[in-house]
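Inspection log for the structure reproduced underneath, given as structure tokens.
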Amino acid sequence: MSRYERIRMSHGSGGKLTLELIEDLFAATFASAPLKELCDAAVLDNPGGRLAFATDSHSIKPLFFPGGDIGRLAVAGTVNDLSVMGAKPVYLSSAFILEEGFPIAELTKIVRSMKATADEAGIEIVTGDTKVVEKGKGDGIFINTTGLGFIPDGLKIGPQHVRPGDVLLVSGSIGDHGIAVMSQREGFEITLELKSDVAPLNGLIETVLAAAPNIRFMRDVTRGGLAAVANEMVMRKPFGVRIFDAKVPLHHDVVEYSEMLGIDPLLSANEGKVVLAAPPNEVEAALAAMHSHPLGQQAAIVGDVVKKPEGRAIVETAYGSRRMLEMPIEEQLPRIC
Amino acid sequence: MKNFSPDIYKDPTLVARLKQRIAELAQEFKEPVKIMHICGTHEHEMGRYGLRDLLPDNVEVLAGPGCPVCVCDTEYIDQAIQLALSPEVILTSFGDMLAVPGSIPLKGERKGDVRMSLLDAKARGGDVRAVYSVFDAAKLAQANPKKQVVFFSAGFETTVVAVAALLKRGAPDNFFIIEANYFTPPATHLLPELEGFDVNGFLLPGHASAITGIRIYEHLPDYGIACASAGFDPVDVLAGIASVLRQLVENKPGLENTYGRVIQYDGNRKALAELDEVFARSSKRWRGIADIPESGFQLKGKYRRYSTEERFAEVLADPPERSVNEHPKGCRCAEITLGLARPDDCPVFDKLCTPDNPYGPCMVSHEGTCRAWYIYGMGKERIHVEV
């Protein structure tokens, strides 16, 4: 594939080695028609209607983790950002910042994983960029992806459409990605059955919207977990959200590991789960649609939208007691005792 | 690990029965009953499970001095900052300590009487790293033989046991500790002597008592205070409360162990023996509270060579300028730590002092009372929901 085993500064020079990397690895793997042209910009067909446009940069340690890698994450992350707006993702760009010395074998694995994830999502990677930074100036690899999607007419999705009485659903178990990745970090290295849930959600979301077209709010659960999504939905709004913590689906590894480290699974990250608010008359349809999809087998009703407290997310426990669910403040760190 | 926290201790049916039992016992009291716990994890779990919602109006649970981060003297925090800023040092610490302000003033940044924390030292070029245990810090020392690796050894008897175990088995020559470990039981001698201290019962700490046992709390019933050691799941906490109430109803304040699956009356003798070999007890300053005799752990004998006070004596002899007040102006952490005030009595709580911009130590640590009250929305009223 390449004459070199590791990334050199010249791979980002814009010269011969850059061209080689693009042709032999990126264009060859992503295999989209616009990318093969090697032009400065991809020229794309426009099916008409409203566009959704999203960008996301990705850095993660370790680059390969149980259930995924930075490449899968970079594609799924942007696909999911578009999908929760009700858009059908179509095109993706992919920009790499590589650190000098990064093994080309690892880069190849990552690029192939991006292609596999793009195929799974039914989208094309149509343009890209490569830069190389000196050794010690980057964390191996950073990937930015930007995505374009088209929004079908008639969808009204956003926190402004939410009403008290709406029902909150999640598409599956919460906290999987955060705990799976943390278990691999230096100092832990624990082997769990749990894997990151990183996955493109556009298929699942399309299925749900076909069955329940009046979904009021959707958000993929990422950093900050369910707590962040719940807070974003109600922040500065004249209503609040109540989560019944006993109803939140959790993998047993997430339960045990969180318990051991003293962290709250509701604040732990996912990369392949969606939270949505459905009007009462579409709850059953939305739930059934999720259950019919491979990524929504464990979907569940986890809460409701309430008149009070306004602007706040709260948890109601299995004991009938209540607490606030605060917007996460920082990355969760294990406690002293 | 599967059996580490069986679901039975979170079982809603058991919780409902204990709630009922507590309500029945509470009817026997004409005056309000105050129960204090002295473990930050208890406060955290009170919030996380909303346990105050399950108690009758005349039973109040107060947070006492149970947060090792909150009582850690500014001297140690300042020392950690000073060492972190020395070029040859890698300063390692539990994540909880990183944002705790010490007493070195930080001028021109943020609002109020702001003090430097280890995070500020890091932003100024100090090599500060969060570790999960003392063993990780020692590994770092091994991997960096040209650096001096300092472990900020904060925490109660639970965490110091691991330090003793490590040092006894031998640590790298370039590894040192800041001796900021505190011993809980002596603080319980001080509390009942405080003016205005009107607590009727204690929930004894779960983790710490696993090491020390509970015999060392035998003085408390002499003050008429009923005691129960308690674990952390909802069933454990409520069982502890029920035990205290029953002892008070029977007018027989004593010492009960409701956390028998973890705590033995005389503690973990092997760990205690190891602890005694490496550490002596010394007087320590509890931040904003008092110097409490025998309440600190100090390296002894041949282990003193691991002390930063030995290795860095010269650097530490020239400390930076420090504020004379232990807590920043307006901060009531000291009274809150003693259970003499509640977080919502403090004028800076949820105003100048929030978890993303902590003013006093009780807002920093997950064990801190103010932080627990802030993030779980604890307060005078139960959270009102209207559907």
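Residues are named by chain letter and number: chains run A, B, ... in the order of the structure tokens, numbers start at 1 in each chain, and ligands are numbered from 1 in the order shown.
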
All residues 8 Å or closer to Val134 in chain B, only C-alpha atoms, same chain fewer than 3 positions away omitted, as a ChimeraX atom specification: /B:131,137-138,151,153,162-163,166

What are the residues of chain A that have an atom within 10 Å of an atom of chain B, counting only C-alpha atoms, as JSON, numbers by chain? {"A": [164, 165, 186, 187, 188, 239, 240, 241, 242, 245, 252, 253, 255, 256, 257, 259, 260, 261, 262, 263, 264, 304, 305, 306, 307, 308, 309, 310, 314, 315, 316, 317, 318, 319, 320, 321, 322, 323, 324, 325, 326, 327, 328, 329, 330, 332, 333, 334, 335, 336, 337]}

Mind checking which residues fall within 9 Å of Asp197 in chain A, counting only C-alpha atoms, ignoring those fewer than 2 positions away in the same chain, and posting them as a count of residues only? 14

Would you mind listing what lies within 12 Å of Arg110 in chain B as a list in words, with only C-alpha atoms counted and same-chain residues fewer than 4 positions away left out? Pro105, Leu106, Val114, Arg115, Met116, Asp120, Leu352, Cys353, Asp356, Asn357, Pro358 and Tyr359 of chain B

Those residues with all heavy atoms, as an mmCIF file, in the first residue's frame please?
data_model
loop_
_atom_site.group_PDB
_atom_site.id
_atom_site.type_symbol
_atom_site.label_atom_id
_atom_site.label_comp_id
_atom_site.auth_asym_id
_atom_site.auth_seq_id
_atom_site.Cartn_x
_atom_site.Cartn_y
_atom_site.Cartn_z
ATOM 1 N N PRO B 105 -3.070 33.083 47.072
ATOM 2 C CA PRO B 105 -4.024 33.920 46.338
ATOM 3 C C PRO B 105 -3.762 33.882 44.826
ATOM 4 O O PRO B 105 -2.615 33.788 44.400
ATOM 5 C CB PRO B 105 -3.755 35.329 46.881
ATOM 6 C CG PRO B 105 -2.959 35.133 48.132
ATOM 7 C CD PRO B 105 -2.217 33.858 47.977
ATOM 8 N N LEU B 106 -4.840 33.902 44.068
ATOM 9 C CA LEU B 106 -4.742 33.919 42.613
ATOM 10 C C LEU B 106 -5.339 35.240 42.168
ATOM 11 O O LEU B 106 -6.552 35.404 42.146
ATOM 12 C CB LEU B 106 -5.528 32.740 42.039
ATOM 13 C CG LEU B 106 -5.368 32.476 40.547
ATOM 14 C CD1 LEU B 106 -3.931 32.149 40.204
ATOM 15 C CD2 LEU B 106 -6.258 31.322 40.127
ATOM 16 N N VAL B 114 -10.217 34.384 45.297
ATOM 17 C CA VAL B 114 -9.868 33.144 44.603
ATOM 18 C C VAL B 114 -8.463 32.672 44.973
ATOM 19 O O VAL B 114 -7.534 33.460 45.049
ATOM 20 C CB VAL B 114 -9.989 33.323 43.069
ATOM 21 C CG1 VAL B 114 -9.577 32.058 42.338
ATOM 22 C CG2 VAL B 114 -11.415 33.703 42.700
ATOM 23 N N ARG B 115 -8.356 31.371 45.227
ATOM 24 C CA ARG B 115 -7.069 30.767 45.611
ATOM 25 C C ARG B 115 -6.640 29.759 44.553
ATOM 26 O O ARG B 115 -7.460 29.170 43.880
ATOM 27 C CB ARG B 115 -7.219 30.026 46.942
ATOM 28 C CG ARG B 115 -8.042 30.722 48.006
ATOM 29 C CD ARG B 115 -7.260 31.867 48.586
ATOM 30 N NE ARG B 115 -7.981 32.475 49.705
ATOM 31 C CZ ARG B 115 -8.072 31.933 50.928
ATOM 32 N NH1 ARG B 115 -7.520 30.775 51.173
ATOM 33 N NH2 ARG B 115 -8.719 32.570 51.883
ATOM 34 N N MET B 116 -5.353 29.525 44.515
ATOM 35 C CA MET B 116 -4.797 28.583 43.542
ATOM 36 C C MET B 116 -5.122 27.127 43.881
ATOM 37 O O MET B 116 -5.073 26.731 45.048
ATOM 38 C CB MET B 116 -3.284 28.744 43.522
ATOM 39 C CG MET B 116 -2.733 29.150 42.198
ATOM 40 S SD MET B 116 -0.964 29.359 42.337
ATOM 41 C CE MET B 116 -0.497 28.505 40.863
ATOM 42 N N ASP B 120 -4.780 25.116 38.606
ATOM 43 C CA ASP B 120 -4.133 26.383 38.239
ATOM 44 C C ASP B 120 -2.631 26.181 38.070
ATOM 45 O O ASP B 120 -2.007 26.792 37.205
ATOM 46 C CB ASP B 120 -4.413 27.447 39.306
ATOM 47 C CG ASP B 120 -5.895 27.792 39.385
ATOM 48 O OD1 ASP B 120 -6.478 28.108 38.334
ATOM 49 O OD2 ASP B 120 -6.466 27.717 40.488
ATOM 50 N N LEU B 352 -21.529 32.615 44.079
ATOM 51 C CA LEU B 352 -20.116 32.639 43.688
ATOM 52 C C LEU B 352 -19.538 31.224 43.601
ATOM 53 O O LEU B 352 -18.541 30.993 42.931
ATOM 54 C CB LEU B 352 -19.303 33.410 44.733
ATOM 55 C CG LEU B 352 -19.134 34.910 44.545
ATOM 56 C CD1 LEU B 352 -18.306 35.477 45.687
ATOM 57 C CD2 LEU B 352 -18.474 35.229 43.214
ATOM 58 N N CYS B 353 -20.144 30.311 44.344
ATOM 59 C CA CYS B 353 -19.567 28.982 44.515
ATOM 60 C C CYS B 353 -20.428 27.914 43.843
ATOM 61 O O CYS B 353 -21.533 27.628 44.305
ATOM 62 C CB CYS B 353 -19.426 28.698 46.008
ATOM 63 S SG CYS B 353 -18.593 27.163 46.401
ATOM 64 N N ASP B 356 -18.543 24.192 38.837
ATOM 65 C CA ASP B 356 -17.631 24.560 37.751
ATOM 66 C C ASP B 356 -16.740 25.736 38.140
ATOM 67 O O ASP B 356 -15.813 26.080 37.428
ATOM 68 C CB ASP B 356 -18.390 24.843 36.443
ATOM 69 C CG ASP B 356 -19.508 25.841 36.634
ATOM 70 O OD1 ASP B 356 -20.059 25.905 37.745
ATOM 71 O OD2 ASP B 356 -19.836 26.555 35.669
ATOM 72 N N ASN B 357 -17.019 26.376 39.255
ATOM 73 C CA ASN B 357 -16.147 27.441 39.742
ATOM 74 C C ASN B 357 -16.154 27.401 41.267
ATOM 75 O O ASN B 357 -16.674 28.290 41.931
ATOM 76 C CB ASN B 357 -16.634 28.795 39.217
ATOM 77 C CG ASN B 357 -15.655 29.907 39.544
ATOM 78 O OD1 ASN B 357 -14.488 29.649 39.877
ATOM 79 N ND2 ASN B 357 -16.112 31.142 39.485
ATOM 80 N N PRO B 358 -15.600 26.319 41.831
ATOM 81 C CA PRO B 358 -15.712 26.124 43.279
ATOM 82 C C PRO B 358 -14.908 27.169 44.053
ATOM 83 O O PRO B 358 -13.805 27.513 43.668
ATOM 84 C CB PRO B 358 -15.153 24.722 43.492
ATOM 85 C CG PRO B 358 -14.301 24.453 42.304
ATOM 86 C CD PRO B 358 -14.838 25.253 41.172
ATOM 87 N N TYR B 359 -15.500 27.627 45.117
ATOM 88 C CA TYR B 359 -14.925 28.687 45.932
ATOM 89 C C TYR B 359 -14.310 28.046 47.173
ATOM 90 O O TYR B 359 -13.198 28.343 47.558
ATOM 91 C CB TYR B 359 -16.078 29.609 46.277
ATOM 92 C CG TYR B 359 -15.721 30.995 46.729
ATOM 93 C CD1 TYR B 359 -15.039 31.864 45.878
ATOM 94 C CD2 TYR B 359 -16.123 31.464 47.971
ATOM 95 C CE1 TYR B 359 -14.747 33.148 46.283
ATOM 96 C CE2 TYR B 359 -15.850 32.747 48.376
ATOM 97 C CZ TYR B 359 -15.157 33.596 47.539
ATOM 98 O OH TYR B 359 -14.878 34.861 47.939
#

If we count only C-alpha atoms and set the cut-off at 10 Å, which residues sit around Gly77 in chain A, ignoring sequence neighbours fewer than 4 positions away in its own chain? Please answer as a list in words. Ala54, Thr55, Asp56, Ser57, His58, Gly71, Arg72, Leu73, Asp81, Leu82, Ser83, Thr145, Thr146, Gly147, Val198, Ala199, Pro200, Leu201, Asp220, Thr222, Glu271 and Gly272 of chain A

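Coordinates place CA of Arg342 in chain B at a distance of 18.5 Å from CA of Pro56 in chain B.
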
Here CA of Leu169 in chain A and CA of Leu250 in chain A stand apart by 13.8 Å

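Proximity ranking of A:Ile143, A:Val79, A:Leu63, A:Ser113 relative to Ile97 in chain A places A:Ile143 first, based on only C-alpha atoms.
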
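Atom pair CA of Leu266 in chain A / CA of Ala228 in chain A: separated by 8.8 Å.
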
I need the strand (DSSP E) residues of range 46-162 of chain B per DSSP on the backbone, written as a PyMOL selection string. chain B and resi 59-63+89-93+127-130+148-155

Extract, using only C-alpha atoms, all DNA, RNA and protein residues at most 10 Å from range 19-23 of chain A, discarding same-chain residues fewer than 5 positions from it, and format them as a ChimeraX atom specification. /A:1-3,7,11-14,28-29,31,35-38,104,128-130

Just all heavy atoms for this one: save the residues we selected as a tab-separated table (two decimals), in the first residue's frame.
chain	number	residue	atom	x	y	z
A	1	MET	N	0.84	-1.20	0.00
A	1	MET	CA	0.00	0.00	0.00
A	1	MET	C	0.87	1.25	0.00
A	1	MET	O	0.68	2.15	-0.78
A	1	MET	CB	-0.92	-0.02	1.22
A	1	MET	CG	-1.50	1.32	1.56
A	1	MET	SD	-3.24	1.53	1.41
A	1	MET	CE	-3.90	-0.08	1.33
A	2	SER	N	1.85	1.29	0.92
A	2	SER	CA	2.69	2.49	0.96
A	2	SER	C	4.14	2.06	1.07
A	2	SER	O	4.44	0.98	1.59
A	2	SER	CB	2.32	3.35	2.16
A	2	SER	OG	3.27	4.38	2.32
A	3	ARG	N	5.03	2.90	0.59
A	3	ARG	CA	6.45	2.59	0.72
A	3	ARG	C	6.93	2.79	2.16
A	3	ARG	O	8.01	2.40	2.51
A	3	ARG	CB	7.26	3.48	-0.21
A	3	ARG	CG	7.08	3.12	-1.66
A	3	ARG	CD	7.80	4.09	-2.54
A	3	ARG	NE	7.11	5.38	-2.56
A	3	ARG	CZ	7.72	6.53	-2.84
A	3	ARG	NH1	9.01	6.58	-3.05
A	3	ARG	NH2	7.03	7.65	-2.89
A	7	ILE	N	3.80	7.52	9.17
A	7	ILE	CA	3.52	8.83	8.58
A	7	ILE	C	4.75	9.73	8.71
A	7	ILE	O	5.39	9.78	9.76
A	7	ILE	CB	2.31	9.49	9.29
A	7	ILE	CG1	1.02	8.74	8.93
A	7	ILE	CG2	2.19	10.96	8.96
A	7	ILE	CD1	0.60	8.88	7.48
A	11	HIS	N	4.00	13.43	4.07
A	11	HIS	CA	2.64	12.97	3.76
A	11	HIS	C	1.63	14.10	3.84
A	11	HIS	O	0.51	13.98	3.34
A	11	HIS	CB	2.23	11.84	4.72
A	11	HIS	CG	2.80	10.51	4.36
A	11	HIS	ND1	3.69	9.83	5.17
A	11	HIS	CD2	2.63	9.73	3.25
A	11	HIS	CE1	4.03	8.69	4.59
A	11	HIS	NE2	3.40	8.60	3.43
A	12	GLY	N	2.03	15.20	4.46
A	12	GLY	CA	1.11	16.34	4.54
A	12	GLY	C	1.59	17.54	3.74
A	12	GLY	O	1.03	18.62	3.85
A	13	SER	N	2.62	17.32	2.93
A	13	SER	CA	3.24	18.46	2.24
A	13	SER	C	2.44	18.95	1.04
A	13	SER	O	2.69	20.02	0.50
A	13	SER	CB	4.63	18.06	1.76
A	13	SER	OG	4.49	17.07	0.75
A	14	GLY	N	1.51	18.15	0.59
A	14	GLY	CA	0.77	18.52	-0.62
A	14	GLY	C	1.47	18.00	-1.86
A	14	GLY	O	1.00	18.20	-2.97
A	28	ALA	N	-8.97	5.09	-2.64
A	28	ALA	CA	-9.15	3.66	-2.96
A	28	ALA	C	-10.13	3.01	-1.99
A	28	ALA	O	-10.96	2.20	-2.38
A	28	ALA	CB	-7.80	2.95	-2.91
A	29	THR	N	-10.03	3.37	-0.72
A	29	THR	CA	-10.91	2.74	0.27
A	29	THR	C	-12.32	3.32	0.25
A	29	THR	O	-13.30	2.59	0.21
A	29	THR	CB	-10.32	2.88	1.68
A	29	THR	OG1	-8.97	2.45	1.67
A	29	THR	CG2	-11.11	2.05	2.69
A	31	ALA	N	-13.77	4.99	-2.08
A	31	ALA	CA	-14.33	4.57	-3.37
A	31	ALA	C	-15.59	5.32	-3.77
A	31	ALA	O	-16.54	4.72	-4.27
A	31	ALA	CB	-14.59	3.06	-3.34
A	35	LEU	N	-14.59	11.57	-5.03
A	35	LEU	CA	-13.26	11.51	-4.42
A	35	LEU	C	-12.23	11.03	-5.45
A	35	LEU	O	-11.09	11.49	-5.48
A	35	LEU	CB	-13.29	10.56	-3.23
A	35	LEU	CG	-12.20	10.75	-2.17
A	35	LEU	CD1	-12.21	12.16	-1.62
A	35	LEU	CD2	-12.40	9.75	-1.04
A	36	LYS	N	-12.64	10.14	-6.34
A	36	LYS	CA	-11.72	9.61	-7.34
A	36	LYS	C	-11.26	10.68	-8.32
A	36	LYS	O	-10.20	10.57	-8.93
A	36	LYS	CB	-12.39	8.45	-8.09
A	36	LYS	CG	-12.36	7.17	-7.28
A	36	LYS	CD	-12.89	6.01	-8.10
A	36	LYS	CE	-12.94	4.76	-7.25
A	36	LYS	NZ	-14.03	3.86	-7.64
A	37	GLU	N	-12.07	11.71	-8.49
A	37	GLU	CA	-11.71	12.80	-9.42
A	37	GLU	C	-10.52	13.60	-8.89
A	37	GLU	O	-9.87	14.31	-9.64
A	37	GLU	CB	-12.90	13.76	-9.60
A	37	GLU	CG	-14.18	13.10	-10.11
A	37	GLU	CD	-14.02	12.60	-11.52
A	37	GLU	OE1	-13.25	13.22	-12.28
A	37	GLU	OE2	-14.65	11.57	-11.87
A	38	LEU	N	-10.27	13.54	-7.58
A	38	LEU	CA	-9.19	14.29	-6.94
A	38	LEU	C	-9.27	15.79	-7.22
A	38	LEU	O	-8.27	16.45	-7.46
A	38	LEU	CB	-7.82	13.75	-7.36
A	38	LEU	CG	-7.50	12.31	-6.97
A	38	LEU	CD1	-6.12	11.93	-7.46
A	38	LEU	CD2	-7.60	12.10	-5.47
A	104	ILE	N	1.19	3.55	9.47
A	104	ILE	CA	0.25	3.54	8.34
A	104	ILE	C	-0.66	2.32	8.40
A	104	ILE	O	-1.81	2.37	7.98
A	104	ILE	CB	1.03	3.65	7.01
A	104	ILE	CG1	1.60	5.08	6.97
A	104	ILE	CG2	0.14	3.36	5.80
A	104	ILE	CD1	2.23	5.51	5.70
A	128	GLY	N	-12.12	15.26	1.25
A	128	GLY	CA	-11.32	15.12	2.47
A	128	GLY	C	-10.09	15.99	2.46
A	128	GLY	O	-9.86	16.78	1.53
A	129	ASP	N	-9.30	15.85	3.51
A	129	ASP	CA	-8.07	16.63	3.63
A	129	ASP	C	-7.10	15.88	4.54
A	129	ASP	O	-7.53	15.11	5.40
A	129	ASP	CB	-8.40	18.01	4.23
A	129	ASP	CG	-7.16	18.87	4.37
A	129	ASP	OD1	-6.42	19.00	3.38
A	129	ASP	OD2	-6.91	19.38	5.48
A	130	THR	N	-5.83	16.13	4.35
A	130	THR	CA	-4.82	15.49	5.19
A	130	THR	C	-3.78	16.51	5.61
A	130	THR	O	-3.26	17.25	4.78
A	130	THR	CB	-4.08	14.38	4.41
A	130	THR	OG1	-5.04	13.55	3.79
A	130	THR	CG2	-3.21	13.56	5.34

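For range 268-337 of chain A, a DSSP pass over the backbone yields helix (DSSP H, G or I) at A:Pro280, A:Asn281, A:Glu282, A:Val283, A:Glu284, A:Ala285, A:Ala286, A:Leu287, A:Ala288, A:Ala289, A:Met290, A:His291, A:Pro294, A:Leu295, A:Gly296.
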
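Using only C-alpha atoms, the shortest contact distance between Leu204 in chain A and any of A:Met233, A:Leu295, A:Val162, A:Ala288 is found at A:Leu295.
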
Which one of B:Ser283, B:Thr188, B:Gln82, B:Gln142 sits closest to Pro65 in chain B if you count only C-alpha atoms? B:Thr188

Env of Tyr76 in chain B: 9 Å cut, atoms = only C-alpha atoms, seq-sep filter 6 positions within chain, self excluded. Answer as a VMD selection string. chain B and resid 102 152 154 178 to 180

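Distance check against Glu381 in chain B using only C-alpha atoms: of B:Thr212, B:Ala226, B:Asp344, B:Cys70, the minimum falls on B:Asp344.
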